[in-house]
Structure formats: structure tokens, C-alpha cells
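The next block is upload39.txt, given as compact mmCIF, C-alpha atoms.
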```txt
# COMPACT_ATOMS: atom_id res chain seq x y z
CA MET A 29 4.88 28.85 2.15
CA SER A 30 2.21 27.08 4.20
CA ILE A 31 0.09 24.53 2.37
CA SER A 32 -3.02 22.82 3.69
CA CYS A 33 -3.68 19.37 2.32
CA VAL A 34 -5.63 16.16 2.66
CA ILE A 35 -4.45 12.65 1.93
CA VAL A 36 -6.87 10.40 0.06
CA GLU A 37 -5.32 6.96 0.21
CA ASP A 38 -6.67 3.54 1.14
CA LEU A 39 -3.29 1.98 1.94
CA PRO A 40 -2.53 2.92 5.58
CA VAL A 41 1.24 2.57 5.35
CA ALA A 42 1.37 4.83 2.29
CA ALA A 43 -0.80 7.43 4.07
CA GLU A 44 1.47 7.29 7.13
CA TYR A 45 4.54 7.71 4.91
CA LEU A 46 2.99 10.75 3.23
CA ARG A 47 1.96 12.26 6.54
CA ASN A 48 5.55 11.95 7.77
CA CYS A 49 6.90 13.51 4.57
CA CYS A 50 4.52 16.46 5.08
CA GLU A 51 5.62 16.86 8.71
CA LYS A 52 9.28 16.62 7.75
CA SER A 53 8.87 19.33 5.08
CA GLY A 54 7.63 21.79 7.72
CA ASP A 55 5.51 23.52 5.06
CA ILE A 56 2.52 21.25 4.74
CA GLU A 57 -0.33 20.84 7.18
CA VAL A 58 -2.37 17.66 6.84
CA LEU A 59 -6.03 18.45 7.60
CA GLY A 60 -7.30 14.94 7.11
CA HIS A 61 -6.81 11.45 5.77
CA PHE A 62 -9.58 9.62 3.93
CA THR A 63 -9.66 6.07 2.65
CA ASN A 64 -12.48 6.55 0.16
CA VAL A 65 -13.75 9.18 -2.26
CA ASN A 66 -17.17 9.77 -0.64
CA ASP A 67 -15.74 10.74 2.76
CA ALA A 68 -13.12 12.94 1.11
CA VAL A 69 -15.70 14.76 -1.05
CA THR A 70 -17.89 15.47 1.99
CA PHE A 71 -14.93 17.00 3.81
CA LEU A 72 -13.54 18.89 0.81
CA ASN A 73 -16.84 20.50 -0.07
CA ASP A 74 -16.97 21.95 3.45
CA HIS A 75 -13.29 22.87 3.83
CA ARG A 76 -11.03 24.49 1.28
CA VAL A 77 -7.56 22.97 1.02
CA ASP A 78 -4.61 23.94 -1.17
CA LEU A 79 -3.56 20.44 -2.11
CA ILE A 80 -4.82 16.86 -2.36
CA PHE A 81 -2.52 13.85 -2.33
CA LEU A 82 -4.74 11.51 -4.26
CA ASP A 83 -4.56 7.80 -4.82
CA VAL A 84 -6.32 6.68 -7.99
CA GLU A 85 -7.52 3.13 -7.34
CA MET A 86 -9.66 2.95 -4.23
CA PRO A 87 -12.75 1.02 -3.20
CA GLY A 88 -15.84 2.60 -4.79
CA ASP A 89 -15.20 5.66 -6.93
CA ASP A 90 -11.67 6.26 -8.20
CA GLY A 91 -9.59 9.35 -7.51
CA PHE A 92 -10.57 11.10 -10.75
CA LYS A 93 -14.26 10.92 -9.75
CA LEU A 94 -13.32 12.89 -6.64
CA LEU A 95 -11.94 15.67 -8.85
CA ASP A 96 -15.23 15.72 -10.77
CA ARG A 97 -17.25 16.00 -7.58
CA ILE A 98 -15.54 18.77 -5.63
CA VAL A 99 -16.71 22.34 -6.11
CA TYR A 100 -13.31 24.03 -6.41
CA SER A 101 -9.91 23.23 -7.87
CA PRO A 102 -7.15 22.59 -5.38
CA LYS A 103 -3.75 21.42 -6.61
CA VAL A 104 -3.45 17.67 -6.97
CA ILE A 105 -0.51 15.31 -6.63
CA LEU A 106 -1.42 11.78 -7.67
CA THR A 107 0.05 8.91 -5.66
CA THR A 108 -0.35 5.61 -7.39
CA SER A 109 1.56 2.48 -8.28
CA LYS A 110 0.43 2.53 -11.91
CA THR A 111 1.80 4.79 -14.60
CA GLU A 112 -1.17 4.20 -16.92
CA TYR A 113 -2.97 7.19 -15.49
CA ALA A 114 -0.56 9.70 -17.00
CA TYR A 115 -3.08 10.74 -19.69
CA ASN A 116 -5.86 11.33 -17.15
CA ALA A 117 -3.35 13.15 -14.97
CA PHE A 118 -2.66 15.50 -17.86
CA GLU A 119 -6.40 15.97 -18.53
CA TYR A 120 -7.05 16.89 -14.91
CA HIS A 121 -4.09 19.33 -14.76
CA VAL A 122 -2.48 17.47 -11.86
CA THR A 123 0.75 18.99 -10.60
CA ASP A 124 2.74 15.78 -10.30
CA PHE A 125 2.53 12.03 -10.26
CA LEU A 126 4.28 10.09 -7.47
CA LYS A 127 4.74 6.39 -8.10
CA LYS A 128 4.60 4.43 -4.83
CA PRO A 129 6.91 3.90 -3.07
CA PHE A 130 8.58 7.28 -3.68
CA THR A 131 11.53 8.86 -1.91
CA TYR A 132 11.39 11.97 0.27
CA GLN A 133 13.54 13.69 -2.34
CA ARG A 134 10.94 12.90 -5.02
CA PHE A 135 8.22 14.18 -2.69
CA GLN A 136 10.14 17.44 -2.29
CA GLU A 137 10.45 17.76 -6.07
CA ALA A 138 6.67 17.47 -6.37
CA ILE A 139 6.19 20.17 -3.74
CA GLY A 140 8.74 22.31 -5.57
CA LYS A 141 6.64 22.03 -8.75
CA LEU A 142 3.65 23.21 -6.79
CA ALA A 143 5.49 26.34 -5.66
CA LEU A 144 6.70 26.97 -9.21
CA GLN A 145 3.16 26.68 -10.60
CA GLU A 146 1.88 29.09 -7.98
CA ASP A 147 4.57 31.65 -8.87
CA THR A 148 3.70 31.35 -12.56
CA ARG A 149 0.01 31.70 -11.81
CA LYS A 150 0.61 34.84 -9.73
CA LYS A 151 2.72 36.39 -12.49
CA GLU A 152 0.15 35.55 -15.16
CA SER A 153 -2.84 36.61 -13.15
CA THR A 154 -1.79 40.21 -12.60
CA ASP A 155 -3.44 40.99 -15.95
CA ASP A 156 -6.22 43.54 -15.90
CA HIS A 157 -8.10 41.91 -18.77
CA ILE A 158 -8.93 38.62 -20.42
CA TYR A 159 -9.75 37.55 -23.94
CA ILE A 160 -12.71 35.27 -24.52
CA LYS A 161 -13.71 33.37 -27.63
CA THR A 162 -17.28 34.17 -28.59
CA ASP A 163 -19.17 34.24 -31.90
CA GLY A 164 -16.03 33.17 -33.77
CA LYS A 165 -13.86 36.02 -32.54
CA LEU A 166 -11.68 36.95 -29.58
CA VAL A 167 -13.19 39.69 -27.47
CA ARG A 168 -11.24 41.64 -24.89
CA LEU A 169 -12.97 42.14 -21.55
CA ASN A 170 -11.41 44.39 -18.93
CA ASN A 171 -11.67 42.92 -15.46
CA GLU A 172 -13.41 46.05 -14.20
CA GLU A 173 -16.23 45.60 -16.74
CA ILE A 174 -17.12 42.06 -15.63
CA LEU A 175 -19.74 41.79 -12.88
CA TYR A 176 -19.78 38.02 -12.62
CA ILE A 177 -19.37 34.79 -14.58
CA GLU A 178 -22.07 32.13 -14.57
CA SER A 179 -21.79 28.46 -15.49
CA MET A 180 -24.09 27.12 -18.22
CA GLY A 181 -22.91 23.51 -18.43
CA ASP A 182 -20.15 23.41 -21.04
CA TYR A 183 -20.47 27.18 -21.52
CA VAL A 184 -20.06 30.20 -19.30
CA LYS A 185 -21.80 33.55 -19.40
CA PHE A 186 -19.77 36.71 -18.76
CA VAL A 187 -22.17 39.30 -17.37
CA LEU A 188 -21.26 42.98 -17.77
CA ALA A 189 -23.41 45.95 -16.76
CA ASP A 190 -24.84 46.35 -20.24
CA LYS A 191 -23.85 43.18 -22.12
CA LYS A 192 -23.57 39.43 -21.83
CA TYR A 193 -21.15 37.13 -23.63
CA VAL A 194 -21.37 33.34 -23.84
CA SER A 195 -18.19 31.35 -24.35
CA HIS A 196 -17.29 27.66 -24.47
CA ASN A 197 -15.52 27.13 -21.14
CA THR A 198 -16.02 25.94 -17.56
CA ILE A 199 -15.98 27.69 -14.19
CA LYS A 200 -13.35 25.22 -12.96
CA ASN A 201 -11.03 26.09 -15.83
CA LEU A 202 -11.61 29.84 -15.47
CA GLU A 203 -10.94 29.72 -11.76
CA GLU A 204 -7.34 28.77 -12.51
CA LYS A 205 -6.84 31.47 -15.12
CA ILE A 206 -8.49 34.65 -13.93
CA ASN A 207 -6.90 37.22 -11.65
CA PRO A 208 -7.51 35.93 -8.09
CA ALA A 209 -7.05 39.41 -6.65
CA VAL A 210 -10.20 40.52 -8.47
CA PHE A 211 -12.36 37.42 -8.91
CA LEU A 212 -13.57 34.80 -6.48
CA LYS A 213 -15.59 31.64 -6.94
CA ILE A 214 -18.57 31.84 -4.59
CA HIS A 215 -20.49 28.81 -5.83
CA ARG A 216 -19.91 25.94 -8.25
CA SER A 217 -21.81 28.05 -10.83
CA TYR A 218 -20.58 31.56 -10.08
CA ILE A 219 -17.36 33.54 -10.06
CA VAL A 220 -17.84 37.16 -9.04
CA ASN A 221 -15.83 40.34 -9.35
CA MET A 222 -15.27 41.13 -5.66
CA LYS A 223 -14.97 44.84 -6.47
CA LYS A 224 -18.58 44.83 -7.67
CA VAL A 225 -20.12 43.29 -4.56
CA GLN A 226 -22.65 45.73 -3.08
CA ASN A 227 -23.65 43.73 -0.03
CA ILE A 228 -23.91 40.25 1.41
CA ARG A 229 -27.08 38.89 2.98
CA ASP A 230 -27.26 35.42 4.50
CA ASN A 231 -25.92 33.18 1.78
CA THR A 232 -26.12 35.57 -1.14
CA VAL A 233 -24.02 38.37 -2.57
CA VAL A 234 -25.67 41.28 -4.31
CA ILE A 235 -24.08 42.62 -7.47
CA ASN A 236 -25.79 45.25 -9.58
CA GLY A 237 -29.02 44.48 -7.71
CA LEU A 238 -28.85 40.77 -8.51
CA GLU A 239 -28.65 38.15 -5.77
CA LEU A 240 -26.15 35.35 -6.37
CA PRO A 241 -25.82 32.31 -4.07
CA ILE A 242 -22.76 31.58 -1.93
CA SER A 243 -22.16 27.87 -1.36
CA LYS A 244 -21.35 26.47 2.07
CA ALA A 245 -17.89 25.42 0.88
CA ASN A 246 -17.03 28.90 -0.41
CA ARG A 247 -18.58 31.01 2.35
CA ALA A 248 -15.49 31.15 4.59
CA GLU A 249 -13.31 32.28 1.69
CA VAL A 250 -15.83 34.99 0.71
CA LEU A 251 -15.92 36.36 4.24
CA LYS A 252 -12.13 36.27 4.43
CA ARG A 253 -11.90 38.43 1.32
CA LEU A 254 -14.23 41.14 2.61
CA ASN A 255 -12.74 44.13 4.32
CA VAL A 256 -14.98 43.89 7.38
CA ILE A 257 -14.21 46.59 9.96
CA MET B 12 27.12 4.73 14.70
CA LEU B 13 27.25 1.16 13.39
CA PRO B 14 25.03 0.46 10.39
CA PHE B 15 21.74 -1.22 11.27
CA ILE B 16 21.66 -4.79 9.94
CA TYR B 17 18.24 -5.64 8.57
CA ASN B 18 16.72 -9.08 8.14
CA GLU B 19 17.80 -10.61 4.83
CA LEU B 20 14.27 -10.28 3.42
CA ILE B 21 14.48 -6.50 3.79
CA ASP B 22 16.33 -4.47 1.17
CA PRO B 23 18.50 -1.93 3.05
CA ALA B 24 19.26 0.05 -0.10
CA ILE B 25 15.56 0.79 -0.63
CA LEU B 26 15.11 1.80 3.00
CA SER B 27 18.13 4.05 2.72
CA SER B 28 16.74 5.77 -0.37
CA LEU B 29 13.27 6.17 1.16
CA TYR B 30 14.22 7.22 4.68
CA GLU B 31 17.81 8.49 4.39
CA ASN B 32 18.66 6.34 7.44
CA ASP B 33 16.16 8.20 9.62
CA HIS B 34 15.57 5.27 11.99
CA ALA B 35 12.74 6.99 13.86
CA PHE B 36 10.89 7.42 10.57
CA ILE B 37 11.53 3.76 9.64
CA GLN B 38 10.26 2.68 13.05
CA LYS B 39 7.00 4.62 12.51
CA ILE B 40 6.46 3.07 9.10
CA PHE B 41 7.27 -0.48 10.28
CA GLN B 42 4.85 0.03 13.17
CA SER B 43 2.18 1.34 10.83
CA PHE B 44 2.75 -1.60 8.47
CA LEU B 45 2.12 -4.04 11.32
CA ASP B 46 -0.64 -2.10 13.14
CA THR B 47 -2.80 -1.36 10.15
CA GLY B 48 -2.00 -4.85 8.98
CA LEU B 49 -2.89 -6.43 5.75
CA ASP B 50 -4.98 -9.07 7.43
CA GLY B 51 -8.25 -7.92 5.90
CA ASP B 52 -6.65 -7.72 2.46
CA LEU B 53 -5.02 -11.12 2.81
CA GLN B 54 -8.37 -12.64 3.80
CA GLN B 55 -9.80 -11.01 0.68
CA VAL B 56 -7.04 -12.67 -1.38
CA GLU B 57 -8.09 -16.05 -0.02
CA SER B 58 -11.78 -15.39 -0.56
CA CYS B 59 -11.21 -14.22 -4.18
CA LEU B 60 -9.15 -17.34 -4.77
CA SER B 61 -11.81 -19.67 -3.40
CA SER B 62 -14.53 -17.99 -5.47
CA GLY B 63 -12.34 -17.92 -8.61
CA ASP B 64 -12.56 -14.12 -8.82
CA THR B 65 -9.29 -13.37 -10.61
CA ASP B 66 -10.15 -9.71 -11.23
CA GLY B 67 -10.85 -9.21 -7.51
CA LEU B 68 -7.59 -11.02 -6.79
CA ARG B 69 -5.65 -8.73 -9.13
CA LYS B 70 -7.23 -5.64 -7.54
CA VAL B 71 -6.42 -6.58 -3.95
CA ILE B 72 -2.87 -7.60 -4.84
CA HIS B 73 -2.43 -4.35 -6.73
CA LYS B 74 -3.62 -2.47 -3.64
CA ILE B 75 -1.24 -4.12 -1.16
CA LYS B 76 1.80 -4.24 -3.47
CA PRO B 77 3.26 -0.80 -2.61
CA ALA B 78 2.95 -1.49 1.12
CA PHE B 79 5.84 -3.95 0.76
CA GLY B 80 7.87 -1.39 -1.15
CA PHE B 81 7.55 1.10 1.73
CA VAL B 82 9.10 -1.38 4.19
CA GLY B 83 11.85 -2.68 1.93
CA LEU B 84 10.22 -6.03 1.16
CA THR B 85 11.00 -5.55 -2.51
CA SER B 86 11.03 -9.25 -3.40
CA ILE B 87 7.41 -9.53 -2.19
CA GLU B 88 6.52 -6.40 -4.12
CA GLU B 89 8.00 -8.07 -7.22
CA GLN B 90 6.08 -11.29 -6.50
CA CYS B 91 2.87 -9.23 -6.29
CA ARG B 92 3.67 -7.62 -9.64
CA GLU B 93 4.09 -11.08 -11.21
CA MET B 94 0.82 -12.23 -9.63
CA GLU B 95 -1.03 -9.23 -11.07
CA LEU B 96 0.19 -10.25 -14.54
CA LEU B 97 -0.76 -13.89 -13.97
CA CYS B 98 -4.27 -12.84 -12.96
CA VAL B 99 -4.84 -11.30 -16.38
CA SER B 100 -2.99 -14.02 -18.30
CA GLY B 101 -5.86 -16.50 -18.22
CA ARG B 102 -3.83 -19.08 -16.26
CA SER B 103 -5.74 -21.88 -14.54
CA LEU B 104 -6.99 -21.43 -11.01
CA ASN B 105 -4.75 -24.34 -9.95
CA ASP B 106 -1.67 -22.48 -11.17
CA LEU B 107 -2.79 -19.36 -9.35
CA THR B 108 -3.59 -21.24 -6.14
CA GLU B 109 -0.08 -22.61 -5.89
CA LYS B 110 1.54 -19.26 -6.55
CA ILE B 111 -0.83 -17.40 -4.23
CA THR B 112 -0.09 -19.87 -1.45
CA ASP B 113 3.62 -19.18 -2.00
CA LEU B 114 2.97 -15.46 -1.91
CA LEU B 115 0.91 -15.67 1.30
CA ASN B 116 3.65 -17.69 3.00
CA THR B 117 6.30 -15.21 1.91
CA ILE B 118 4.15 -12.33 3.17
CA GLN B 119 3.87 -14.00 6.60
CA ALA B 120 7.68 -14.39 6.67
CA GLY B 121 8.03 -10.75 5.62
CA LYS B 122 5.70 -9.58 8.39
CA LYS B 123 7.71 -11.55 10.93
CA ALA B 124 10.94 -9.98 9.63
CA ILE B 125 9.44 -6.50 9.96
CA GLY B 126 8.21 -7.32 13.48
CA ASP B 127 11.65 -8.56 14.56
CA ASP B 128 13.46 -5.58 13.09
CA LEU B 129 10.91 -3.21 14.60
CA GLN B 130 11.88 -4.45 18.07
CA LYS B 131 15.55 -3.85 17.27
CA LEU B 132 14.75 -0.37 15.95
CA ILE B 133 12.79 0.51 19.09
CA LEU B 134 15.85 -0.40 21.18
CA LEU B 135 18.17 1.50 18.84
CA ASN B 136 16.00 4.62 18.88
CA LYS B 137 15.77 4.55 22.69
CA THR B 138 19.53 4.72 23.08
```
Conversion result in C-alpha cells:
Amino acid sequence: MSISCVIVEDLPVAAEYLRNCCEKSGDIEVLGHFTNVNDAVTFLNDHRVDLIFLDVEMPGDDGFKLLDRIVYSPKVILTTSKTEYAYNAFEYHVTDFLKKPFTYQRFQEAIGKLALQEDTRKKESTDDHIYIKTDGKLVRLNNEEILYIESMGDYVKFVLADKKYVSHNTIKNLEEKINPAVFLKIHRSYIVNMKKVQNIRDNTVVINGLELPISKANRAEVLKRLNVI
Amino acid sequence: MLPFIYNELIDPAILSSLYENDHAFIQKIFQSFLDTGLDGDLQQVESCLSSGDTDGLRKVIHKIKPAFGFVGLTSIEEQCREMELLCVSGRSLNDLTEKITDLLNTIQAGKKAIGDDLQKLILLNKT
């Protein structure tokens, strides 16, 4: 397992400790260390990482604001000296909560949880269909029928060749639940079925004749997924 | 190898649980603690105190508190925890001033202890 991460932490000694724990584990590559949310958001929206070690209380915006402002959903391990954030941690689906100072053994446990979550996600996401709640009923959609999914604020639109369904959900939430072998988030507002992509021009993908935008942050991942010969 | 004897302000049990006696790791963290310093934060403590900003005081003490935990200065970490509570207890500024002065003095002693033990660790890790 090789995990890319960033450390968002305004206490230098805690950041140094974490960096050493990552090095010692041999599995985790630290791509950057940021002492405030703004700098971290700028980096994260240009570079995809697997994991964020995130302090909560920092100058300016707090750590949870960072999670609201990034365009994808990496795994998150909170590092804080307060336990009062447990509810928010639950709300934001964070993987673990490390209370500073924490031992290397506790750090390894948190990384272990990450691996366990990933295994569960892979097992769950081999499904070839999903059920969505729409118009008061559960409707089964086969993955192969879905062209793309579009964000509409607190709702999402599932676009099929001949139908559209609107359901109360978010792109961020769906990104964690749909089959990653089939679907890919290309923009904060779009997840597309990669098997339906007809071509890619500049910063757009074409599906069923429709042009959908690719964001700067997601472009590298889109190109990686294409079978370019 | 003989056990490393730390300054009495430093809790060896905490260091052992955090670093599993990896002296090179401890050296890095002690160095980082001194290099990155807390000077800016400690100046902020003094400025919050002089302006009577108890919320600012609580925030900066909350921020620096775990730094002491990472270097085994657990008694200072505990003092910080008590200060955080005092800041929200509505105690008079006079009360806080006295306790903050105590805390700042203890922090200076703690930094000296870390500096002294860092030198010993550098020698130990060279051999």
C-alpha cells in the first residue's frame, strides 16, 4: 500500500512528529505540510492526495472548513488536542481521530483503519447497480445505463440515455459509494461513467454528444484512467 | 546500552511510549521543538495578557499545549490545561497574570532542559 498525504498542522513540532511517523511506516509519502487552511486548499485542489492529516484549530478557517472547500474526498485523520470534535468528525466521515500527543502505535492503528476502510469500499463497490431514492420510491439503476451524474446543490441528477432521475444526495457522498472502476469524478459537479466517454477535447469530456467540464484538479486522474495508446 | 537519563522536568515514560526509545527520532523532535520555537506564541501570550484578551490567551495556550507533550514536558502541558480552564472561568486578570508568569518561567526552564538534553542526545547518537 502506498498512500500520498498532506499534513495540515500549525504546530511545527506536531507536524515534524507526524512526518517522522509517516517515514517510519514506509507506506506513506508526505507531499506537503501546510500551516493554514487557505494554503492547503490551494494545493489540494491542484493535486489529488489519498489522505489528509488535519488539525482542527488553526489560525483563520478551521480544519472542517477545509473539508468543505476541497473538490474531492480524500480520507481524513484528525489530529487535535480536543475531543469535542468527535461529532463533527462523525459528520465528515473522518477515518480516525488522533489526540495529540499520540504514540506511533496509535498512529499505526489509524493507518490500519484506513486500509480496512479501503478493503470494505472495494468489496462494496464491485456492484453493477445502485438504488436511488426518487419520487418516494427506490429505483434500481444499472451502472451501464448511467451516462453521468450532475450536482444540483442538495440534489443530484442521474442522467441516462432516455431518462433523468433527481435524488436528494451530494456528489461528495456519491463519490464514496459508487463503483470506482466505472465512475469518476471529473469536476465538483460531475461524476461520469468512464465507459460512456466518447472523446476528450481540451478540458471537456463528451458523453452522448454532451460536453461536460473537467476541472483542473481532476484532469490528471481523468487522463490516467484513459487507455491512451 | 545504559538508559538515557533525562532532565527531571522531562517525563521519560512519555518519551518511551511516544518514541519507543528511538533516540534519533527524539533528537529530531527536540531539535524541531527548539528550532521552530514557541517564541512567537509566547510573545502572543504576553500581548493577550497585557490587552486583557482572555479568549486570545486561551487559544494560544491551547495551540502550544501539545508541543510540550511531544517532548515529555508533561507538567507544563498540565499547567497549560489548567490555564485554559482559568481563562474561561472569569478569574481576574491579576490572578491570571501571576499564573501566566509562572507558566512562562516554567516554559523557559523546560526549553533549557530540552536544549541540554538535546546536546547529550547528539553525542549519544554520534557514538
Work out how far CA of Ile174 in chain A is from CA of Leu202 in chain A, in Å to one decimal.
13.4 Å
Coordinates-based distance that separates CA of Glu146 in chain A from CA of Glu57 in chain A (Å, one decimal)
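One can read the CA of Glu57 in chain A to CA of Glu146 in chain A distance as 17.4 Å.
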Sort by chain and increasing residue number a table of all residues of chain B within 9 Å of chain A, each with its closest pair of atoms and their distance in Å to one decimal, counting all atoms listed in the file, and write it as CSV.
```
residue,atom,partner,partner_atom,distance
B:Ser28,CA,A:Thr131,CA,6.3
B:Leu29,CA,A:Thr131,CA,4.4
B:Tyr30,CA,A:Tyr132,CA,7.1
B:Glu31,CA,A:Tyr132,CA,8.4
B:Phe36,CA,A:Asn48,CA,7.5
B:Lys39,CA,A:Glu44,CA,8.2
B:Ile40,CA,A:Val41,CA,6.4
B:Phe41,CA,A:Val41,CA,8.4
B:Gln42,CA,A:Val41,CA,9.0
B:Ser43,CA,A:Val41,CA,5.7
B:Phe44,CA,A:Val41,CA,5.4
B:Leu45,CA,A:Val41,CA,9.0
B:Thr47,CA,A:Pro40,CA,6.3
B:Gly48,CA,A:Pro40,CA,8.5
B:Lys70,CA,A:Glu85,CA,8.8
B:His73,CA,A:Ser109,CA,8.1
B:Lys74,CA,A:Leu39,CA,7.1
B:Ile75,CA,A:Leu39,CA,7.1
B:Lys76,CA,A:Ser109,CA,8.3
B:Pro77,CA,A:Lys128,CA,5.8
B:Ala78,CA,A:Val41,CA,6.1
B:Phe79,CA,A:Pro129,CA,8.8
B:Gly80,CA,A:Pro129,CA,5.7
B:Phe81,CA,A:Pro129,CA,5.6
B:Val82,CA,A:Val41,CA,8.9
```
With C-alpha atoms kept, could you save the residues just selected as a PDB file, keeping the file's coordinate frame?
```
ATOM      1  CA  SER B  28      16.740   5.770  -0.370  1.00  0.00           C
ATOM      2  CA  LEU B  29      13.270   6.170   1.160  1.00  0.00           C
ATOM      3  CA  TYR B  30      14.220   7.220   4.680  1.00  0.00           C
ATOM      4  CA  GLU B  31      17.810   8.490   4.390  1.00  0.00           C
ATOM      5  CA  PHE B  36      10.890   7.420  10.570  1.00  0.00           C
ATOM      6  CA  LYS B  39       7.000   4.620  12.510  1.00  0.00           C
ATOM      7  CA  ILE B  40       6.460   3.070   9.100  1.00  0.00           C
ATOM      8  CA  PHE B  41       7.270  -0.480  10.280  1.00  0.00           C
ATOM      9  CA  GLN B  42       4.850   0.030  13.170  1.00  0.00           C
ATOM     10  CA  SER B  43       2.180   1.340  10.830  1.00  0.00           C
ATOM     11  CA  PHE B  44       2.750  -1.600   8.470  1.00  0.00           C
ATOM     12  CA  LEU B  45       2.120  -4.040  11.320  1.00  0.00           C
ATOM     13  CA  THR B  47      -2.800  -1.360  10.150  1.00  0.00           C
ATOM     14  CA  GLY B  48      -2.000  -4.850   8.980  1.00  0.00           C
ATOM     15  CA  LYS B  70      -7.230  -5.640  -7.540  1.00  0.00           C
ATOM     16  CA  HIS B  73      -2.430  -4.350  -6.730  1.00  0.00           C
ATOM     17  CA  LYS B  74      -3.620  -2.470  -3.640  1.00  0.00           C
ATOM     18  CA  ILE B  75      -1.240  -4.120  -1.160  1.00  0.00           C
ATOM     19  CA  LYS B  76       1.800  -4.240  -3.470  1.00  0.00           C
ATOM     20  CA  PRO B  77       3.260  -0.800  -2.610  1.00  0.00           C
ATOM     21  CA  ALA B  78       2.950  -1.490   1.120  1.00  0.00           C
ATOM     22  CA  PHE B  79       5.840  -3.950   0.760  1.00  0.00           C
ATOM     23  CA  GLY B  80       7.870  -1.390  -1.150  1.00  0.00           C
ATOM     24  CA  PHE B  81       7.550   1.100   1.730  1.00  0.00           C
ATOM     25  CA  VAL B  82       9.100  -1.380   4.190  1.00  0.00           C
TER      26      VAL B  82
END
```
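Using only C-alpha atoms, the nearest neighbour of Asp90 in chain A within the list A:Asn64, A:Asp78, A:Ile105, A:Glu172 is A:Asn64.
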Between CA of Asn136 in chain B and CA of Ala35 in chain B, measure the distance and give it in Å to one decimal.
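Distance between the two atoms: 6.4 Å.
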Test item: axis-aligned box, all listed atoms of range 91-95 of chain A, 4 Å on each side, centre and edges in Å rounded to one decimal, as lines of an AutoDock Vina configuration file:
```
center_x = -11.9
center_y = 12.5
center_z = -8.7
size_x = 12.7
size_y = 14.3
size_z = 12.1
```
Residues near range 59-62 of chain B, cut-off 12 Å, only C-alpha atoms, skip fewer than 2 positions along chain, as an MDAnalysis selection string
chainID B and resid 52:57 64:72 98 103:112 115
Let me make sure I understand: among A:Lys205, A:His196, A:Arg216, A:Arg247, which one has the smallest atom-to-atom distance to Arg229 in chain A if we use all atoms listed in the file?
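Under the stated criterion, the closest residue is A:Arg247.
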Neighbours of Asn255 in chain A within 12 Å (only C-alpha atoms; same-chain residues fewer than 5 positions away dropped), as a list in words?
Met222, Lys223, Val225, Asn227 and Val250 of chain A
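With distances restricted to only C-alpha atoms, A:Glu173 is the closest residue to Lys191 in chain A from A:Asp74, A:Glu173, A:Asp89, A:Glu37.
For Leu135 in chain B, the non-local neighbours within 10 Å, defined as residues at least 2 positions apart in the same chain or in other chains and counting all atoms listed in the file, are B:Phe15, B:His34, B:Ala35, B:Gln38, B:Leu129, B:Gln130, B:Lys131, B:Leu132, B:Ile133, B:Lys137, B:Thr138.
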Can you pull out every residue within 10 Å of Glu203 in chain A, counting only C-alpha atoms, but drop anything in the same chain fewer than 6 positions away, and send it as an MDAnalysis selection string?
chainID A and resid 100:101 211:213 218:219
Near Lys161 in chain A, counting only C-alpha atoms, which residues have an atom at most 12 Å away, once you skip same-chain residues fewer than 6 positions from it, shown as a list in words?
Val167, Arg168, Leu169, Tyr183, Val184, Lys185, Phe186, Tyr193, Val194, Ser195, His196 and Asn197 of chain A
